[in-house]
Structures are given as C-alpha cells and as structure tokens.
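What follows is model.txt (compact mmCIF, C-alpha atoms).
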```
# COMPACT_ATOMS: atom_id res chain seq x y z
CA MET A 1499 -22.35 1.72 -14.35
CA ASP A 1500 -24.11 3.36 -11.40
CA ALA A 1501 -21.10 3.54 -9.03
CA VAL A 1502 -19.02 5.35 -11.62
CA LYS A 1503 -21.88 7.74 -12.46
CA GLU A 1504 -22.30 8.56 -8.80
CA LEU A 1505 -18.59 9.25 -8.37
CA LEU A 1506 -18.51 11.45 -11.47
CA ASN A 1507 -21.46 13.44 -10.15
CA LEU A 1508 -19.51 14.17 -6.96
CA LYS A 1509 -16.66 15.87 -8.78
CA ASN A 1510 -15.20 18.86 -6.91
CA GLU A 1511 -12.76 20.86 -9.01
CA GLU A 1512 -11.21 22.78 -6.12
CA GLN A 1513 -10.61 19.66 -4.05
CA ALA A 1514 -9.29 17.86 -7.12
CA LYS A 1515 -6.58 20.51 -7.56
CA HIS A 1516 -5.53 20.06 -3.95
CA LEU A 1517 -5.36 16.27 -4.31
CA MET A 1518 -3.34 16.51 -7.52
CA GLN A 1519 -0.74 18.52 -5.63
CA PHE A 1520 -0.84 16.23 -2.58
CA PHE A 1521 -0.37 13.08 -4.65
CA LYS A 1522 2.43 14.59 -6.75
CA THR A 1523 0.87 14.44 -10.22
CA GLY A 1524 3.18 17.01 -11.81
CA LYS A 1525 5.69 16.30 -14.55
CA GLY A 1526 8.47 14.06 -13.29
CA GLN A 1527 6.71 13.33 -9.99
CA TYR A 1528 5.71 9.85 -8.85
CA GLY A 1529 2.01 10.39 -9.63
CA GLU A 1530 2.59 12.14 -12.94
CA GLY A 1531 -0.53 12.49 -15.06
CA ASP A 1532 -3.05 11.08 -12.58
CA LYS A 1533 -6.49 12.69 -12.59
CA PHE A 1534 -8.70 13.35 -9.58
CA LEU A 1535 -12.39 13.99 -9.07
CA GLY A 1536 -11.83 15.60 -5.69
CA ILE A 1537 -13.69 13.06 -3.54
CA ARG A 1538 -12.75 12.29 0.07
CA VAL A 1539 -12.05 8.67 1.02
CA PRO A 1540 -14.99 8.37 3.48
CA VAL A 1541 -17.36 9.37 0.66
CA THR A 1542 -15.79 6.77 -1.63
CA ARG A 1543 -16.21 4.15 1.11
CA SER A 1544 -19.92 4.97 1.33
CA ILE A 1545 -20.25 4.21 -2.38
CA VAL A 1546 -18.30 0.97 -1.89
CA LYS A 1547 -20.88 -0.17 0.66
CA LYS A 1548 -23.70 0.71 -1.68
CA TYR A 1549 -22.38 -1.11 -4.75
CA CYS A 1550 -20.07 -3.81 -3.41
CA ASP A 1551 -22.42 -6.74 -4.01
CA LYS A 1552 -23.68 -5.33 -7.31
CA THR A 1553 -20.37 -4.97 -9.12
CA THR A 1554 -19.17 -7.59 -11.59
CA THR A 1555 -15.56 -8.50 -12.40
CA ALA A 1556 -15.93 -6.83 -15.79
CA GLN A 1557 -17.15 -3.64 -14.12
CA LEU A 1558 -14.26 -3.75 -11.66
CA GLN A 1559 -11.84 -3.99 -14.57
CA GLU A 1560 -13.52 -1.01 -16.22
CA MET A 1561 -13.13 0.98 -13.00
CA LEU A 1562 -9.49 -0.05 -12.59
CA ASP A 1563 -8.82 1.24 -16.11
CA SER A 1564 -10.35 4.63 -15.28
CA PRO A 1565 -8.14 7.71 -15.58
CA TYR A 1566 -9.66 8.95 -12.31
CA HIS A 1567 -7.89 8.05 -9.09
CA GLU A 1568 -11.04 7.82 -6.96
CA ILE A 1569 -12.74 5.41 -9.37
CA ARG A 1570 -9.72 3.10 -9.23
CA LEU A 1571 -9.72 3.42 -5.44
CA CYS A 1572 -13.41 2.55 -5.31
CA ALA A 1573 -12.74 -0.60 -7.35
CA LEU A 1574 -9.90 -1.61 -5.04
CA LEU A 1575 -11.98 -1.09 -1.91
CA ILE A 1576 -14.78 -3.16 -3.43
CA MET A 1577 -12.20 -5.87 -4.13
CA VAL A 1578 -11.00 -5.70 -0.52
CA SER A 1579 -14.55 -6.13 0.71
CA LEU A 1580 -15.23 -9.03 -1.64
CA TYR A 1581 -12.01 -10.80 -0.70
CA GLU A 1582 -12.74 -10.40 3.01
CA LYS A 1583 -16.12 -12.04 2.44
CA ASN A 1584 -15.10 -15.07 0.36
CA ASN A 1585 -11.30 -15.30 -0.09
CA ASP A 1586 -11.86 -15.53 -3.85
CA VAL A 1587 -8.59 -16.14 -5.67
CA ASN A 1588 -10.09 -14.40 -8.71
CA ILE A 1589 -9.84 -11.13 -6.77
CA VAL A 1590 -6.15 -11.80 -6.16
CA ASN A 1591 -5.62 -12.51 -9.85
CA LEU A 1592 -7.48 -9.35 -10.83
CA TYR A 1593 -5.31 -7.36 -8.42
CA ILE A 1594 -2.06 -8.76 -9.83
CA LYS A 1595 -3.27 -8.17 -13.37
CA ASN A 1596 -3.83 -4.50 -12.56
CA VAL A 1597 -0.71 -3.47 -10.65
CA LYS A 1598 -0.09 -0.86 -13.34
CA ASN A 1599 -3.35 0.78 -12.26
CA ILE A 1600 -2.54 0.62 -8.52
CA ASN A 1601 -0.23 3.53 -9.08
CA ASN A 1602 -0.03 5.67 -5.98
CA TRP A 1603 0.80 5.02 -2.35
CA ASP A 1604 -2.74 5.34 -1.02
CA LEU A 1605 -4.07 2.82 -3.54
CA VAL A 1606 -1.37 0.39 -2.42
CA ASP A 1607 -1.65 1.05 1.30
CA LEU A 1608 -5.43 0.64 1.47
CA SER A 1609 -5.46 -2.66 -0.39
CA ALA A 1610 -2.19 -4.62 -0.55
CA HIS A 1611 -2.21 -6.10 2.95
CA LYS A 1612 -5.92 -6.92 2.77
CA ILE A 1613 -5.68 -8.84 -0.51
CA ILE A 1614 -2.09 -9.92 -1.23
CA GLY A 1615 -1.14 -10.17 2.45
CA LYS A 1616 -4.26 -12.13 3.42
CA HIS A 1617 -3.81 -14.40 0.41
CA TYR A 1618 -0.24 -15.12 1.52
CA LEU A 1619 -1.46 -16.02 5.00
CA LYS A 1620 -3.92 -18.45 3.45
CA THR A 1621 -1.48 -20.11 1.03
CA HIS A 1622 2.05 -19.25 2.22
CA ASP A 1623 2.94 -19.09 -1.46
CA ARG A 1624 5.80 -16.60 -1.69
CA ALA A 1625 5.88 -16.49 -5.50
CA ILE A 1626 3.45 -13.59 -5.97
CA ILE A 1627 5.21 -11.36 -3.44
CA GLU A 1628 8.69 -12.29 -4.62
CA ASN A 1629 7.75 -11.54 -8.24
CA LEU A 1630 6.34 -8.16 -7.24
CA ALA A 1631 9.49 -7.38 -5.25
CA LYS A 1632 11.75 -8.27 -8.17
CA SER A 1633 9.74 -6.35 -10.76
CA GLY A 1634 11.72 -3.11 -10.70
CA HIS A 1635 8.32 -1.36 -10.70
CA LEU A 1636 7.90 1.06 -7.79
CA TRP A 1637 4.27 0.34 -7.00
CA SER A 1638 4.68 -3.43 -7.33
CA GLU A 1639 7.62 -3.24 -4.94
CA ARG A 1640 5.57 -1.22 -2.47
CA ILE A 1641 2.70 -3.72 -2.76
CA ALA A 1642 5.13 -6.51 -1.85
CA VAL A 1643 6.30 -4.70 1.28
CA VAL A 1644 2.95 -3.34 2.47
CA SER A 1645 1.34 -6.75 1.94
CA GLN A 1646 3.30 -7.81 5.00
CA TRP A 1647 1.25 -5.61 7.32
CA SER A 1648 -1.31 -8.38 7.72
CA VAL A 1649 1.46 -10.97 8.02
CA VAL A 1650 3.49 -9.37 10.83
CA LYS A 1651 0.31 -9.00 12.88
CA THR A 1652 0.29 -12.81 13.09
CA GLY A 1653 3.89 -12.93 14.33
CA GLU A 1654 5.49 -13.93 11.01
CA PHE A 1655 8.47 -11.76 10.12
CA GLU A 1656 10.80 -13.76 7.85
CA LEU A 1657 9.52 -12.57 4.48
CA LEU A 1658 9.27 -8.93 5.57
CA LEU A 1659 12.83 -8.95 6.87
CA GLU A 1660 14.07 -10.41 3.58
CA LEU A 1661 12.21 -7.72 1.63
CA CYS A 1662 13.55 -4.92 3.84
CA GLU A 1663 17.07 -6.24 3.49
CA ASN A 1664 16.72 -6.43 -0.31
CA PHE A 1665 15.39 -2.87 -0.47
CA LEU A 1666 18.10 -1.27 1.69
CA THR A 1667 19.64 0.28 -1.42
CA HIS A 1668 16.38 1.26 -3.11
CA LYS A 1669 16.50 4.73 -4.63
CA HIS A 1670 12.97 5.94 -3.90
CA ASP A 1671 11.86 7.65 -0.71
CA LEU A 1672 8.43 5.99 -0.96
CA MET A 1673 10.10 2.61 -0.52
CA HIS A 1674 12.18 3.89 2.39
CA LYS A 1675 8.92 4.98 4.04
CA ALA A 1676 7.19 1.66 3.32
CA THR A 1677 10.00 -0.52 4.63
CA GLY A 1678 10.47 1.64 7.71
CA TRP A 1679 6.75 1.61 8.40
CA MET A 1680 6.52 -2.19 8.14
CA LEU A 1681 9.58 -2.63 10.36
CA ARG A 1682 7.88 -0.40 12.92
CA GLU A 1683 4.77 -2.61 12.72
CA ALA A 1684 6.95 -5.68 13.25
CA GLY A 1685 8.52 -4.00 16.26
CA LYS A 1686 5.11 -3.32 17.75
CA LYS A 1687 4.45 -7.07 17.62
CA ASP A 1688 7.94 -8.15 18.72
CA GLU A 1689 10.44 -5.42 19.57
CA LYS A 1690 13.36 -7.87 19.53
CA VAL A 1691 12.77 -8.54 15.84
CA LEU A 1692 13.10 -4.83 15.07
CA LEU A 1693 16.10 -4.31 17.33
CA ASN A 1694 17.95 -7.24 15.76
CA PHE A 1695 17.39 -5.75 12.31
CA LEU A 1696 18.50 -2.32 13.50
CA ASP A 1697 21.61 -3.72 15.17
CA LYS A 1698 22.57 -5.28 11.86
CA TYR A 1699 21.59 -2.56 9.40
CA SER A 1700 20.98 0.80 11.11
CA LYS A 1701 24.30 2.22 9.88
CA VAL A 1702 23.44 1.51 6.23
CA MET A 1703 19.66 2.04 6.25
CA PRO A 1704 18.33 5.08 4.38
CA ARG A 1705 17.63 7.75 7.01
CA THR A 1706 13.92 7.89 6.20
CA MET A 1707 13.63 4.12 6.59
CA LEU A 1708 15.47 4.32 9.90
CA ARG A 1709 13.35 7.20 11.24
CA TYR A 1710 10.10 5.48 10.37
CA SER A 1711 11.21 2.18 11.89
CA ILE A 1712 12.17 3.60 15.30
CA GLU A 1713 9.18 5.89 15.89
CA LYS A 1714 7.70 3.68 18.62
CA LEU A 1715 10.96 3.05 20.47
CA THR A 1716 11.99 4.92 23.61
CA PRO A 1717 13.74 8.30 23.27
CA GLN A 1718 16.97 6.66 24.41
CA GLN A 1719 16.69 3.91 21.80
CA ARG A 1720 15.86 6.39 19.03
CA LYS A 1721 18.85 8.55 19.96
CA PHE A 1722 21.14 5.51 19.97
CA TYR A 1723 20.14 4.31 16.51
CA MET A 1724 20.03 7.75 14.93
CA SER A 1725 23.56 8.44 16.14
```

Written as structure tokens, how would this file's structure read?
Amino acid sequence: MDAVKELLNLKNEEQAKHLMQFFKTGKGQYGEGDKFLGIRVPVTRSIVKKYCDKTTTAQLQEMLDSPYHEIRLCALLIMVSLYEKNNDVNIVNLYIKNVKNINNWDLVDLSAHKIIGKHYLKTHDRAIIENLAKSGHLWSERIAVVSQWSVVKTGEFELLLELCENFLTHKHDLMHKATGWMLREAGKKDEKVLLNFLDKYSKVMPRTMLRYSIEKLTPQQRKFYMS
C-alpha cells in the first residue's frame, strides 16, 4: 500500500539506531526486538493526513502487524483520526484486537485516550478498561490507565483512582510513570482529588509515581509529600 511504501522510502539508518536506543529495544528491555525506520513523528503525521481517508481496515491490520514501529504508529494515528470523525466501534474493536502490537509507551500514549478513553466517555462501559487492567500485560495495563486522560478532563475520576490504587504495587517503572502522570492530570482538573489520594497513599506509592503526581503542586506541597 502507498502509505507503507512512502514510510519505507523515508528510512534513515542513523536515526533508526538512535530511536532503538531511546525506546529500549535491547535484549531484556521493554521494547526488545522492535525495529525502527528512523522517522520523526511529525513526518509520520503528515503521511497520516495524506492517507487517512484512503486506508481500509484490512490495510490498517497489515500496518499494525508490521515489524516497524513507525508503520504501526501510522496505523494507530489513522485510527485516532477515523475515530474522532465517526466514533466507529469497529476502530475500538480493531484496537483491542491489536494490543499486542501497541507495544511501546509512545504507541499507547498517542492513542489510548483518544480511542479507548473517548469510547468509555460515550458508553461508560467499564468492561474493556477493566479487562485491560487485569490482563497482566504491561502495555494493556498502560492503555487502561492512559485511556483515562480524556476522562479526567471531563471531571470524572472514579475509574482512574481505582486503577491507580490497584497498580500501587506494580513492578514496572513505566506503570509508575503512567499512574503518576494521570494523577497529575486529575489534580490539574481538581486538586482536591489528587490531594485526597496522596493523603491516603503517598507513604506507599512508588517514588516515581509520587514524583510524577506532585509535579504541578506548590514547592511546599511537594516537599510535604516527598518527606
């Protein structure tokens, strides 16, 4: 397909090496084995605009199965655009079907809240997010948490707080960052919500989660909770 051909033609070996290091693709790292073309996100977004309305579901699946990170990202950004236009549940189903291919933090963070989060706001069906959270699969768990970015912007916090509570003992730093980040976003909407959570859990929160969550608080508040 033309979008894939265009991406392949933009391959930059030097930049690809840098991205492979940045996204931790070495043995035993969270992005182990992922391949990169070396394409910057703004360039990928330009291709999304060009091919968004020309890409079929079958072609999206082919892109999501690609070994190349940027091709999978392009597919996800096309899906985001399509869902924003028509709220098509088939896009949600395609997303859930492919969580194994949404396998790094940037892929999650650029798509989860705009598809899974927006779908939740439309349906208030917790099942998808709860199943992702219970999966034991790192990227599915991160999708569940980051999906709440769209939700907390509307002033709904209950599901996020449940997720953050459930992930207090999670082993992976990427989940500590995600939960802390989403708590910070909740605090930007309603500081009392964040402070109540911190008053209850700050002493047992992973330090990364705590640091991320308090970034927008006053110096005095940050010092209090870090101590």

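You will find CA of His1670 (chain A) at 27.3 Å from CA of Gln1513 (chain A).
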
Show which residues sit within 10 Å of Arg1682 (chain A), as a PyMOL selection string. Count all atoms listed in the file, and ignore same-chain residues fewer than 4 positions away. chain A and resi 1676-1678+1686-1689+1691-1692+1707-1715

Of A:Asn1694, A:Asn1629, A:Asn1602, A:Thr1554, the one sitting nearest Gln1527 (chain A) when using all atoms listed in the file is A:Asn1602

Would you give the centre and edge lengths, in Å to one decimal, of a box along x, y and z around the listed atoms of region 1556-1563 of chain A, with 3 Å added to each side, as lines of an AutoDock Vina configuration file?
```
center_x = -13.0
center_y = -2.8
center_z = -13.9
size_x = 14.3
size_y = 14.1
size_z = 10.6
```

Enumerate, in order of chain and increasing residue number, the residues of region 1536-1632 of chain A with an atom no farther than 6 Å from region 1636-1649 of chain A, each with its shortest atom pair and distance in Å to one decimal, counting all atoms listed in the file, as JSON lines.
```
{"residue": "A:Asn1601", "atom": "CA", "partner": "A:Trp1637", "partner_atom": "CA", "distance": 5.9}
{"residue": "A:Val1606", "atom": "CA", "partner": "A:Ile1641", "partner_atom": "CA", "distance": 5.8}
{"residue": "A:Ala1610", "atom": "CA", "partner": "A:Ser1645", "partner_atom": "CA", "distance": 4.8}
{"residue": "A:His1611", "atom": "CA", "partner": "A:Ser1645", "partner_atom": "CA", "distance": 3.7}
{"residue": "A:Ile1614", "atom": "CA", "partner": "A:Ser1645", "partner_atom": "CA", "distance": 5.6}
{"residue": "A:Gly1615", "atom": "CA", "partner": "A:Ser1645", "partner_atom": "CA", "distance": 4.3}
{"residue": "A:Ile1627", "atom": "CA", "partner": "A:Ala1642", "partner_atom": "CA", "distance": 5.1}
{"residue": "A:Leu1630", "atom": "CA", "partner": "A:Ser1638", "partner_atom": "CA", "distance": 5.0}
{"residue": "A:Ala1631", "atom": "CA", "partner": "A:Glu1639", "partner_atom": "CA", "distance": 4.6}
```

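Nearest-residue note for His1674 (chain A): choosing from A:Leu1696, A:Leu1608, A:Leu1535, A:Met1703, the minimum distance belongs to A:Met1703, counting all atoms listed in the file.
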
Find the distance between CA of Ile1613 (chain A) and CA of Glu1582 (chain A) and write it in Å to one decimal. 8.0 Å

Would you kindly return, as a list of chain:residue names, each protein, DNA or RNA residue with an atom no farther than 12 Å from any atom of Lys1595 (chain A), considering only C-alpha atoms and excluding same-chain residues fewer than 3 positions away? A:Leu1558, A:Gln1559, A:Leu1562, A:Asp1563, A:Asn1588, A:Ile1589, A:Val1590, A:Asn1591, A:Leu1592, A:Lys1598, A:Asn1599, A:Ile1600, A:Ile1626, A:Leu1630, A:Ser1638

Closest of A:Phe1534, A:Asp1623, A:Leu1571, A:Ser1633 to Lys1515 (chain A) - atom-to-atom distances counting all atoms listed in the file: A:Phe1534

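With distances taken from (-15.6, 3.3, -4.9) and restricted to all atoms listed in the file, the residues inside 8 Å are Ala1501, Val1502, Leu1505, Thr1542, Arg1543, Ser1544, Ile1545, Val1546, Glu1568, Ile1569, Arg1570, Leu1571, Cys1572, Ala1573, Leu1574, Leu1575 and Ile1576 of chain A.
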
Just to confirm, what's the straight-line distance from CA of Lys1620 (chain A) to CA of Pro1540 (chain A) in Å (one decimal)? 29.0 Å

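Among the candidates A:Lys1698, A:Ser1725, A:Thr1706, A:Glu1512, the residue lying nearest to Lys1675 (chain A) is A:Thr1706 (atoms considered: all atoms listed in the file).
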
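Between Asp1607 (chain A) and the residues A:Met1561, A:Ala1556, A:Met1680, A:Val1541, the shortest atom-to-atom distance, using all atoms listed in the file, involves A:Met1680.
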
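With all atoms listed in the file as the atoms that count, the minimum distance from Lys1533 (chain A) to the choices A:Met1499, A:Cys1550, A:Ala1684, A:Ala1514 is reached by A:Ala1514.
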
Region 1591-1609 of chain A rebuilt with N, CA, C and O atoms, output as a compact mmCIF listing (two decimals), keeping the file's coordinate frame:
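Output file part_38.txt follows:
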```
# COMPACT_ATOMS: atom_id res chain seq x y z
N ASN A 1591 -6.09 -12.53 -8.46
CA ASN A 1591 -5.62 -12.51 -9.85
C ASN A 1591 -5.93 -11.19 -10.53
O ASN A 1591 -5.10 -10.65 -11.29
N LEU A 1592 -7.11 -10.64 -10.26
CA LEU A 1592 -7.48 -9.35 -10.83
C LEU A 1592 -6.55 -8.26 -10.31
O LEU A 1592 -6.14 -7.36 -11.07
N TYR A 1593 -6.22 -8.33 -9.05
CA TYR A 1593 -5.31 -7.36 -8.42
C TYR A 1593 -3.94 -7.41 -9.09
O TYR A 1593 -3.40 -6.37 -9.50
N ILE A 1594 -3.39 -8.60 -9.22
CA ILE A 1594 -2.06 -8.76 -9.83
C ILE A 1594 -2.07 -8.28 -11.28
O ILE A 1594 -1.12 -7.64 -11.75
N LYS A 1595 -3.13 -8.59 -11.97
CA LYS A 1595 -3.27 -8.17 -13.37
C LYS A 1595 -3.24 -6.65 -13.51
O LYS A 1595 -2.84 -6.13 -14.56
N ASN A 1596 -3.64 -5.95 -12.46
CA ASN A 1596 -3.83 -4.50 -12.56
C ASN A 1596 -2.83 -3.69 -11.75
O ASN A 1596 -3.12 -2.53 -11.41
N VAL A 1597 -1.67 -4.24 -11.45
CA VAL A 1597 -0.71 -3.47 -10.65
C VAL A 1597 -0.33 -2.15 -11.33
O VAL A 1597 -0.03 -1.16 -10.64
N LYS A 1598 -0.40 -2.12 -12.64
CA LYS A 1598 -0.09 -0.86 -13.34
C LYS A 1598 -1.10 0.23 -13.01
O LYS A 1598 -0.81 1.43 -13.14
N ASN A 1599 -2.30 -0.17 -12.60
CA ASN A 1599 -3.35 0.78 -12.26
C ASN A 1599 -3.39 1.11 -10.76
O ASN A 1599 -4.13 2.00 -10.35
N ILE A 1600 -2.63 0.37 -9.97
CA ILE A 1600 -2.54 0.62 -8.52
C ILE A 1600 -1.31 1.49 -8.32
O ILE A 1600 -0.28 1.08 -7.80
N ASN A 1601 -1.42 2.73 -8.78
CA ASN A 1601 -0.23 3.53 -9.08
C ASN A 1601 -0.07 4.77 -8.22
O ASN A 1601 0.37 5.82 -8.70
N ASN A 1602 -0.42 4.64 -6.94
CA ASN A 1602 -0.03 5.67 -5.98
C ASN A 1602 -0.05 5.03 -4.60
O ASN A 1602 -0.65 3.97 -4.42
N TRP A 1603 0.58 5.68 -3.64
CA TRP A 1603 0.80 5.02 -2.35
C TRP A 1603 -0.49 4.73 -1.61
O TRP A 1603 -0.60 3.72 -0.91
N ASP A 1604 -1.49 5.60 -1.75
CA ASP A 1604 -2.74 5.34 -1.02
C ASP A 1604 -3.48 4.14 -1.59
O ASP A 1604 -4.08 3.34 -0.85
N LEU A 1605 -3.43 3.97 -2.91
CA LEU A 1605 -4.07 2.82 -3.54
C LEU A 1605 -3.42 1.53 -3.05
O LEU A 1605 -4.11 0.54 -2.77
N VAL A 1606 -2.12 1.55 -2.94
CA VAL A 1606 -1.37 0.39 -2.42
C VAL A 1606 -1.71 0.15 -0.95
O VAL A 1606 -2.08 -0.96 -0.54
N ASP A 1607 -1.60 1.21 -0.16
CA ASP A 1607 -1.65 1.05 1.30
C ASP A 1607 -3.04 0.66 1.81
O ASP A 1607 -3.16 0.06 2.88
N LEU A 1608 -4.08 0.98 1.05
CA LEU A 1608 -5.43 0.64 1.47
C LEU A 1608 -5.87 -0.74 0.98
O LEU A 1608 -6.96 -1.19 1.34
N SER A 1609 -5.02 -1.40 0.21
CA SER A 1609 -5.46 -2.66 -0.39
C SER A 1609 -4.47 -3.82 -0.31
O SER A 1609 -4.88 -4.97 -0.18
```
